[in-house]
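Contents: one structure, followed by commentary.
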Amino acid sequence: MKYILFLLTWCVPTLMVAQNTTNSPTSMFGIGEVTTGDGGQYAGMGGVGIALRGNSFLNLTNPAALTEIDSLKFTIEAGVMGAYKKYTQSGIGNNSTVGNLNNLAVGFRILPRWYGALSISPISSVGYAITLDQQVEGTNGGIISSYFEGDGGLSRINLSNAFLIGKNLSLGANLSYITGTITQTETQGSATREETSRKTACYADLGMQYKYNLNKNNAFILGATYGFKQQLSQKNELSVSSTSDDTTIDKSEHSVKQYMPQFIGIGLSYNTPKWTFSGDYKWIQWDKMESSQSIVSYANQNLLKLGLAYTLGNPYRTPIKLMLGAGTSNSYVVIKKNEPQNYYISTGAAFTLKNKNIFSFGAKYSDQTKVNTGMPREQSLSFYLNISFSERAYRGKLQ
């Protein structure tokens, strides 16, 4: 229990505040750059999770998977990420390094067929700094510079429940409180305009898994997830100030409607003692989002993820899992009708220690295609570290 208290005391405030994982110019639109469920013990498998389950990790992509965790232990997970990112536009390149805590979760059995977890994780990140030089009309080559900067993002505090129905069917639900603040600043000469938007929402998504045993060791798992559309409550403040005359104007500002999107996901995995093959497809509805700029719109996303893992050594003692993965999706932010296609490949490994704790790492390379001339192209190399450990619970509390 002391590990749980330490993680909650130290990691939760850090996850809620320091969550910048991007320096992308496109993160200024919508709710920012959205995380894709990477991280955790299976980061090397391309972010799959809808049909994954196991007794030593917390899969909150599909909460129904919680019914597989060890019924006599608290399972605890914590992870961090770091990334090197490169942005190229019109032949000009820029690069940056970002990092943050990526996930924190505690899961356990509540009653014989009822399992639960408490977690916190980032949803989106905003981080950009852009200088734009423009010629002033009516002058002989006069230039004025504008500086745009943004930071912040959204995080979720998650209460997950899962129920085992019979021997093979599991149902689950994530009940989430979403909160975060996004600050965007424009400075031109002596004048500064700052917009601050605090966003909150209560959100829910559901999960199902059905395990079909071919024999004692081999099984198929079918998974499905569904998330409800939920409008974000926004409190927007506008501050305009000038250093030339020391004046400041503060007022509330009207906001366009923004949503946590509806989504539908399906997944299938095949599991043997040595091999795991898994694939996910997910449709995310972003087109209900409103835009305050005519050149920006939002498109529904189609995400496809594939992953495999191979186990070295005895799978029941201290195995080593080697992982590969790949995925592709379209961007949900469309600028001047430019809708780039994102793709990535990943790899990783998970090591089971003698005390049955698991240390894992993953690496992912991401790139884009179908980027129109003059629009930014993003490439990145990301790294993930995660530890999963267990603390034995008193049997009397779980019966």
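Scheme for the structure tokens: letters A, B, ... for chains in order shown; per-chain residue numbers from 1; ligand numbers from 1 in order shown.
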* Name all residues at most 8 Å from Gln89 (chain A) (count only C-alpha atoms; drop same-chain ones fewer than 6 positions away) and give them as an NGL selection string. => :A and (374-377)
* With a distance cut-off of 10 Å and only C-alpha atoms, select the neighbouring residues of Thr75 (chain A), excluding the residue or stretch itself and same-chain residues fewer than 4 positions from it, and output the selection as a ChimeraX atom specification. => /A:4,55-58,69-71,105-109,117,357,388-393
* Residues within 12 Å of Lys305 (chain A), only C-alpha atoms, excluding chain neighbours under 6 positions, as an NGL selection string -> :A and (36-38 or 43-51 or 265-269 or 277-283 or 324-329 or 342-346)
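Our summary of the geometry notes that CA of Thr352 (chain A) is positioned 24.3 Å from CA of Asn100 (chain A).
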* Enumerate the residues of region 221-340 of chain A with a DSSP assignment of strand (DSSP E or B), computed from the backbone, and present them as a ChimeraX atom specification. => /A:221-227,230-231,233-242,247-252,259-260,262-271,275-285,296-298,301-312,320-330,333-335,338
* Nearest to Leu322 (chain A) by atom-to-atom distance, counting only C-alpha atoms, from A:Ile182, A:Ala363, A:Ala309, A:Ala162 ->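 Nearest to Leu322 (chain A): A:Ala309.
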Which residues of region 107-166 of chain A come within 12 Å of region 188-192 of chain A, and for each one, what is the closest pair of atoms and their distance in Å to one decimal, counting only C-alpha atoms, sorted by chain and residue number, as JSON lines?
```
{"residue": "A:Thr131", "atom": "CA", "partner": "A:Gln188", "partner_atom": "CA", "distance": 10.0}
{"residue": "A:Leu132", "atom": "CA", "partner": "A:Gln188", "partner_atom": "CA", "distance": 9.8}
{"residue": "A:Asp133", "atom": "CA", "partner": "A:Gln188", "partner_atom": "CA", "distance": 10.2}
{"residue": "A:Gln134", "atom": "CA", "partner": "A:Gln188", "partner_atom": "CA", "distance": 10.9}
{"residue": "A:Ile143", "atom": "CA", "partner": "A:Gly189", "partner_atom": "CA", "distance": 11.0}
{"residue": "A:Ile144", "atom": "CA", "partner": "A:Gln188", "partner_atom": "CA", "distance": 7.6}
{"residue": "A:Ser145", "atom": "CA", "partner": "A:Gln188", "partner_atom": "CA", "distance": 6.3}
{"residue": "A:Ser146", "atom": "CA", "partner": "A:Gln188", "partner_atom": "CA", "distance": 4.7}
{"residue": "A:Tyr147", "atom": "CA", "partner": "A:Gln188", "partner_atom": "CA", "distance": 6.5}
{"residue": "A:Phe148", "atom": "CA", "partner": "A:Gln188", "partner_atom": "CA", "distance": 9.0}
{"residue": "A:Glu149", "atom": "CA", "partner": "A:Thr192", "partner_atom": "CA", "distance": 11.0}
```
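Near Asn168 (chain A), within 8 Å and counting only C-alpha atoms, sit Leu164, Ile165, Tyr210, Lys211 and Tyr212 of chain A, not including residues fewer than 3 positions from it in the same chain.
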Please save N, CA and C atoms of the selected residues as a PDB file, in the first residue's frame.
```
ATOM      1  N   LEU A 164     -17.209 -10.131 -14.646  1.00  0.00           N
ATOM      2  CA  LEU A 164     -17.086 -11.405 -15.343  1.00  0.00           C
ATOM      3  C   LEU A 164     -18.447 -12.077 -15.377  1.00  0.00           C
ATOM      4  N   ILE A 165     -18.957 -12.298 -16.594  1.00  0.00           N
ATOM      5  CA  ILE A 165     -20.266 -12.918 -16.797  1.00  0.00           C
ATOM      6  C   ILE A 165     -20.031 -14.345 -17.289  1.00  0.00           C
ATOM      7  N   TYR A 210     -14.887 -11.245 -25.234  1.00  0.00           N
ATOM      8  CA  TYR A 210     -15.325 -12.638 -25.176  1.00  0.00           C
ATOM      9  C   TYR A 210     -14.129 -13.523 -25.512  1.00  0.00           C
ATOM     10  N   LYS A 211     -13.833 -14.458 -24.623  1.00  0.00           N
ATOM     11  CA  LYS A 211     -12.693 -15.350 -24.790  1.00  0.00           C
ATOM     12  C   LYS A 211     -13.181 -16.722 -25.231  1.00  0.00           C
ATOM     13  N   TYR A 212     -12.720 -17.152 -26.405  1.00  0.00           N
ATOM     14  CA  TYR A 212     -13.094 -18.464 -26.943  1.00  0.00           C
ATOM     15  C   TYR A 212     -11.874 -19.373 -26.888  1.00  0.00           C
TER      16      TYR A 212
END
```
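Nearest residue to Gln231 (chain A) among A:Asn217, A:Ser27, A:Ser366, A:Gln262 is A:Gln262, counting only C-alpha atoms.
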* **Long-range neighbours of Ile295 (chain A) as a count of residues only, 9 Å cut-off, only C-alpha atoms, 4 positions minimum in chain** => 5
* Asked: Between A:Lys288, A:Lys167, A:Arg156, A:Lys216, which one has atoms that come closest to Cys202 (chain A), using only C-alpha atoms?
  ->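 Using only C-alpha atoms, Cys202 (chain A) sits closest to A:Arg156.
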* To do: Can you work out which one of A:Phe359, A:Phe29, A:Phe351, A:Tyr115 has the shortest atom-to-atom distance to Gly79 (chain A), counting only C-alpha atoms?
  =>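 Result for the nearest residue to Gly79 (chain A): A:Phe359.
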* Nearest to Ile264 (chain A): which of A:Thr61, A:Ile320, A:Gln341, A:Glu378 is it, counting only C-alpha atoms? -> A:Thr61
If we count only C-alpha atoms and set the cut-off at 12 Å, which residues sit around Ser119 (chain A), ignoring sequence neighbours fewer than 5 positions away in its own chain? Please answer as a PDB file with N, CA, C and O atoms, in the first residue's frame.
```pdb
ATOM      1  N   ILE A   4       1.369   2.585  -3.459  1.00  0.00           N
ATOM      2  CA  ILE A   4       0.197   3.263  -4.011  1.00  0.00           C
ATOM      3  C   ILE A   4       0.143   4.697  -3.514  1.00  0.00           C
ATOM      4  O   ILE A   4      -0.080   5.638  -4.296  1.00  0.00           O
ATOM      5  N   LEU A   7       2.844   6.863  -5.229  1.00  0.00           N
ATOM      6  CA  LEU A   7       2.543   7.192  -6.620  1.00  0.00           C
ATOM      7  C   LEU A   7       1.440   8.243  -6.719  1.00  0.00           C
ATOM      8  O   LEU A   7       1.516   9.175  -7.512  1.00  0.00           O
ATOM      9  N   LEU A   8       0.385   8.077  -5.915  1.00  0.00           N
ATOM     10  CA  LEU A   8      -0.709   9.033  -5.973  1.00  0.00           C
ATOM     11  C   LEU A   8      -0.262  10.411  -5.511  1.00  0.00           C
ATOM     12  O   LEU A   8      -0.671  11.432  -6.068  1.00  0.00           O
ATOM     13  N   CYS A  11       2.946  11.441  -8.349  1.00  0.00           N
ATOM     14  CA  CYS A  11       2.738  11.391  -9.795  1.00  0.00           C
ATOM     15  C   CYS A  11       1.479  12.112 -10.256  1.00  0.00           C
ATOM     16  O   CYS A  11       1.462  12.699 -11.341  1.00  0.00           O
ATOM     17  N   VAL A  12       0.386  12.063  -9.484  1.00  0.00           N
ATOM     18  CA  VAL A  12      -0.874  12.643  -9.941  1.00  0.00           C
ATOM     19  C   VAL A  12      -0.747  14.129 -10.229  1.00  0.00           C
ATOM     20  O   VAL A  12      -1.139  14.591 -11.311  1.00  0.00           O
ATOM     21  N   LEU A  15       1.161  14.605 -13.537  1.00  0.00           N
ATOM     22  CA  LEU A  15       0.393  14.253 -14.727  1.00  0.00           C
ATOM     23  C   LEU A  15      -0.646  15.317 -15.054  1.00  0.00           C
ATOM     24  O   LEU A  15      -0.911  15.611 -16.214  1.00  0.00           O
ATOM     25  N   MET A  16      -1.246  15.901 -14.030  1.00  0.00           N
ATOM     26  CA  MET A  16      -2.311  16.868 -14.255  1.00  0.00           C
ATOM     27  C   MET A  16      -1.799  18.202 -14.757  1.00  0.00           C
ATOM     28  O   MET A  16      -2.517  18.955 -15.400  1.00  0.00           O
ATOM     29  N   LEU A  58      -2.681  -3.719 -16.540  1.00  0.00           N
ATOM     30  CA  LEU A  58      -3.973  -3.049 -16.530  1.00  0.00           C
ATOM     31  C   LEU A  58      -4.246  -2.471 -17.909  1.00  0.00           C
ATOM     32  O   LEU A  58      -3.607  -1.504 -18.323  1.00  0.00           O
ATOM     33  N   ASN A  59      -5.178  -3.078 -18.616  1.00  0.00           N
ATOM     34  CA  ASN A  59      -5.544  -2.626 -19.955  1.00  0.00           C
ATOM     35  C   ASN A  59      -6.816  -1.789 -19.855  1.00  0.00           C
ATOM     36  O   ASN A  59      -7.919  -2.324 -19.799  1.00  0.00           O
ATOM     37  N   LEU A  60      -6.671  -0.459 -19.841  1.00  0.00           N
ATOM     38  CA  LEU A  60      -7.828   0.415 -19.712  1.00  0.00           C
ATOM     39  C   LEU A  60      -8.337   0.885 -21.063  1.00  0.00           C
ATOM     40  O   LEU A  60      -9.334   1.609 -21.122  1.00  0.00           O
ATOM     41  N   THR A  61      -7.667   0.494 -22.159  1.00  0.00           N
ATOM     42  CA  THR A  61      -8.226   0.730 -23.486  1.00  0.00           C
ATOM     43  C   THR A  61      -9.565   0.025 -23.613  1.00  0.00           C
ATOM     44  O   THR A  61     -10.511   0.547 -24.187  1.00  0.00           O
ATOM     45  N   PRO A  63     -11.877  -1.662 -20.700  1.00  0.00           N
ATOM     46  CA  PRO A  63     -11.962  -1.961 -19.265  1.00  0.00           C
ATOM     47  C   PRO A  63     -12.411  -3.380 -18.956  1.00  0.00           C
ATOM     48  O   PRO A  63     -12.176  -3.882 -17.852  1.00  0.00           O
ATOM     49  N   THR A  75      -2.527  -4.582  -8.509  1.00  0.00           N
ATOM     50  CA  THR A  75      -1.632  -4.405  -9.642  1.00  0.00           C
ATOM     51  C   THR A  75      -1.455  -2.911  -9.888  1.00  0.00           C
ATOM     52  O   THR A  75      -2.435  -2.175 -10.002  1.00  0.00           O
ATOM     53  N   ILE A  76      -0.208  -2.476  -9.958  1.00  0.00           N
ATOM     54  CA  ILE A  76       0.104  -1.053 -10.060  1.00  0.00           C
ATOM     55  C   ILE A  76       0.975  -0.838 -11.287  1.00  0.00           C
ATOM     56  O   ILE A  76       1.925  -1.598 -11.528  1.00  0.00           O
ATOM     57  N   GLU A  77       0.661   0.202 -12.076  1.00  0.00           N
ATOM     58  CA  GLU A  77       1.449   0.525 -13.262  1.00  0.00           C
ATOM     59  C   GLU A  77       1.777   2.005 -13.278  1.00  0.00           C
ATOM     60  O   GLU A  77       0.950   2.847 -12.921  1.00  0.00           O
ATOM     61  N   ALA A  78       2.998   2.316 -13.714  1.00  0.00           N
ATOM     62  CA  ALA A  78       3.412   3.700 -13.906  1.00  0.00           C
ATOM     63  C   ALA A  78       4.347   3.753 -15.096  1.00  0.00           C
ATOM     64  O   ALA A  78       5.176   2.847 -15.286  1.00  0.00           O
ATOM     65  N   GLY A  79       4.210   4.786 -15.922  1.00  0.00           N
ATOM     66  CA  GLY A  79       5.034   4.872 -17.120  1.00  0.00           C
ATOM     67  C   GLY A  79       5.388   6.304 -17.477  1.00  0.00           C
ATOM     68  O   GLY A  79       4.694   7.249 -17.104  1.00  0.00           O
ATOM     69  N   ASN A 102       3.328   9.287 -18.369  1.00  0.00           N
ATOM     70  CA  ASN A 102       2.397   8.849 -19.406  1.00  0.00           C
ATOM     71  C   ASN A 102       1.170   8.113 -18.874  1.00  0.00           C
ATOM     72  O   ASN A 102       0.097   8.185 -19.462  1.00  0.00           O
ATOM     73  N   ASN A 103       1.325   7.400 -17.757  1.00  0.00           N
ATOM     74  CA  ASN A 103       0.185   6.666 -17.211  1.00  0.00           C
ATOM     75  C   ASN A 103       0.462   6.300 -15.762  1.00  0.00           C
ATOM     76  O   ASN A 103       1.613   6.123 -15.344  1.00  0.00           O
ATOM     77  N   LEU A 104      -0.604   6.195 -15.002  1.00  0.00           N
ATOM     78  CA  LEU A 104      -0.537   5.768 -13.617  1.00  0.00           C
ATOM     79  C   LEU A 104      -1.847   5.078 -13.286  1.00  0.00           C
ATOM     80  O   LEU A 104      -2.925   5.651 -13.510  1.00  0.00           O
ATOM     81  N   ALA A 105      -1.799   3.841 -12.791  1.00  0.00           N
ATOM     82  CA  ALA A 105      -3.028   3.090 -12.543  1.00  0.00           C
ATOM     83  C   ALA A 105      -2.834   2.089 -11.416  1.00  0.00           C
ATOM     84  O   ALA A 105      -1.738   1.546 -11.218  1.00  0.00           O
ATOM     85  N   VAL A 106      -3.922   1.834 -10.694  1.00  0.00           N
ATOM     86  CA  VAL A 106      -3.971   0.832  -9.638  1.00  0.00           C
ATOM     87  C   VAL A 106      -5.232   0.004  -9.853  1.00  0.00           C
ATOM     88  O   VAL A 106      -6.332   0.558  -9.983  1.00  0.00           O
ATOM     89  N   GLY A 107      -5.106  -1.332  -9.917  1.00  0.00           N
ATOM     90  CA  GLY A 107      -6.251  -2.197 -10.156  1.00  0.00           C
ATOM     91  C   GLY A 107      -6.285  -3.375  -9.200  1.00  0.00           C
ATOM     92  O   GLY A 107      -5.244  -3.844  -8.722  1.00  0.00           O
ATOM     93  N   PHE A 108      -7.489  -3.886  -8.924  1.00  0.00           N
ATOM     94  CA  PHE A 108      -7.636  -4.997  -7.974  1.00  0.00           C
ATOM     95  C   PHE A 108      -9.034  -5.588  -8.100  1.00  0.00           C
ATOM     96  O   PHE A 108      -9.941  -4.984  -8.687  1.00  0.00           O
ATOM     97  N   SER A 155      -6.401  16.074 -19.321  1.00  0.00           N
ATOM     98  CA  SER A 155      -6.117  14.795 -18.653  1.00  0.00           C
ATOM     99  C   SER A 155      -7.419  14.192 -18.163  1.00  0.00           C
ATOM    100  O   SER A 155      -8.440  14.885 -18.060  1.00  0.00           O
ATOM    101  N   ARG A 156      -7.367  12.904 -17.856  1.00  0.00           N
ATOM    102  CA  ARG A 156      -8.562  12.226 -17.351  1.00  0.00           C
ATOM    103  C   ARG A 156      -8.247  11.457 -16.071  1.00  0.00           C
ATOM    104  O   ARG A 156      -7.214  10.803 -15.954  1.00  0.00           O
ATOM    105  N   ILE A 157      -9.145  11.604 -15.099  1.00  0.00           N
ATOM    106  CA  ILE A 157      -9.135  10.776 -13.903  1.00  0.00           C
ATOM    107  C   ILE A 157     -10.198   9.714 -14.114  1.00  0.00           C
ATOM    108  O   ILE A 157     -11.365  10.032 -14.363  1.00  0.00           O
ATOM    109  N   ASN A 158      -9.791   8.461 -14.019  1.00  0.00           N
ATOM    110  CA  ASN A 158     -10.608   7.378 -14.529  1.00  0.00           C
ATOM    111  C   ASN A 158     -10.946   6.363 -13.441  1.00  0.00           C
ATOM    112  O   ASN A 158     -10.063   5.874 -12.749  1.00  0.00           O
ATOM    113  N   LEU A 159     -12.220   6.046 -13.287  1.00  0.00           N
ATOM    114  CA  LEU A 159     -12.667   4.950 -12.422  1.00  0.00           C
ATOM    115  C   LEU A 159     -13.219   3.861 -13.324  1.00  0.00           C
ATOM    116  O   LEU A 159     -14.209   4.063 -14.029  1.00  0.00           O
ATOM    117  N   SER A 160     -12.563   2.702 -13.304  1.00  0.00           N
ATOM    118  CA  SER A 160     -12.933   1.598 -14.193  1.00  0.00           C
ATOM    119  C   SER A 160     -13.549   0.458 -13.397  1.00  0.00           C
ATOM    120  O   SER A 160     -13.114   0.151 -12.287  1.00  0.00           O
ATOM    121  N   ASN A 161     -14.566  -0.161 -13.982  1.00  0.00           N
ATOM    122  CA  ASN A 161     -15.207  -1.330 -13.388  1.00  0.00           C
ATOM    123  C   ASN A 161     -15.361  -2.403 -14.452  1.00  0.00           C
ATOM    124  O   ASN A 161     -15.626  -2.096 -15.623  1.00  0.00           O
ATOM    125  N   ASN A 174     -15.492   2.602 -18.241  1.00  0.00           N
ATOM    126  CA  ASN A 174     -14.642   3.659 -17.711  1.00  0.00           C
ATOM    127  C   ASN A 174     -15.506   4.883 -17.437  1.00  0.00           C
ATOM    128  O   ASN A 174     -16.191   5.371 -18.340  1.00  0.00           O
ATOM    129  N   LEU A 175     -15.501   5.357 -16.216  1.00  0.00           N
ATOM    130  CA  LEU A 175     -16.185   6.586 -15.846  1.00  0.00           C
ATOM    131  C   LEU A 175     -15.111   7.628 -15.567  1.00  0.00           C
ATOM    132  O   LEU A 175     -14.290   7.449 -14.666  1.00  0.00           O
ATOM    133  N   SER A 176     -15.117   8.715 -16.335  1.00  0.00           N
ATOM    134  CA  SER A 176     -13.983   9.631 -16.315  1.00  0.00           C
ATOM    135  C   SER A 176     -14.400  11.060 -16.003  1.00  0.00           C
ATOM    136  O   SER A 176     -15.481  11.514 -16.412  1.00  0.00           O
ATOM    137  N   TYR A 177     -13.519  11.740 -15.278  1.00  0.00           N
ATOM    138  CA  TYR A 177     -13.622  13.185 -15.126  1.00  0.00           C
ATOM    139  C   TYR A 177     -12.466  13.790 -15.910  1.00  0.00           C
ATOM    140  O   TYR A 177     -11.304  13.480 -15.658  1.00  0.00           O
TER     141      TYR A 177
END
```
* Have a look at CA of Thr185 (chain A) and CA of Lys370 (chain A) and let me know their distance in Å, one decimal. => 29.9 Å
* **Polymer residues at most 12 Å from Tyr316 (chain A), only C-alpha atoms, same-chain spacing of 5 or more positions, as a list of chain:residue names** =>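 With the cut-off at 12 Å, the set is A:Asn55, A:Ser56, A:Pro273, A:Lys274, A:Thr311, A:Lys321, A:Thr352, A:Leu353, A:Lys354, A:Lys356.
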* To do: as a list in words, list the residues of region 31-107 of chain A assigned to helix (DSSP H, G or I) by DSSP on the backbone atoms of this structure.
  => Ala43, Gly44, Met45, Pro63, Ala64, Ala65, Leu66, Thr67 and Glu68 of chain A
* **Closest of A:Leu222, A:Val34, A:Ile120, A:Leu306 to Arg53 (chain A) - atom-to-atom distances counting only C-alpha atoms** => A:Leu222
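With CA of Gly152 (chain A) on one side and CA of Tyr42 (chain A) on the other, the separation reads 26.8 Å.
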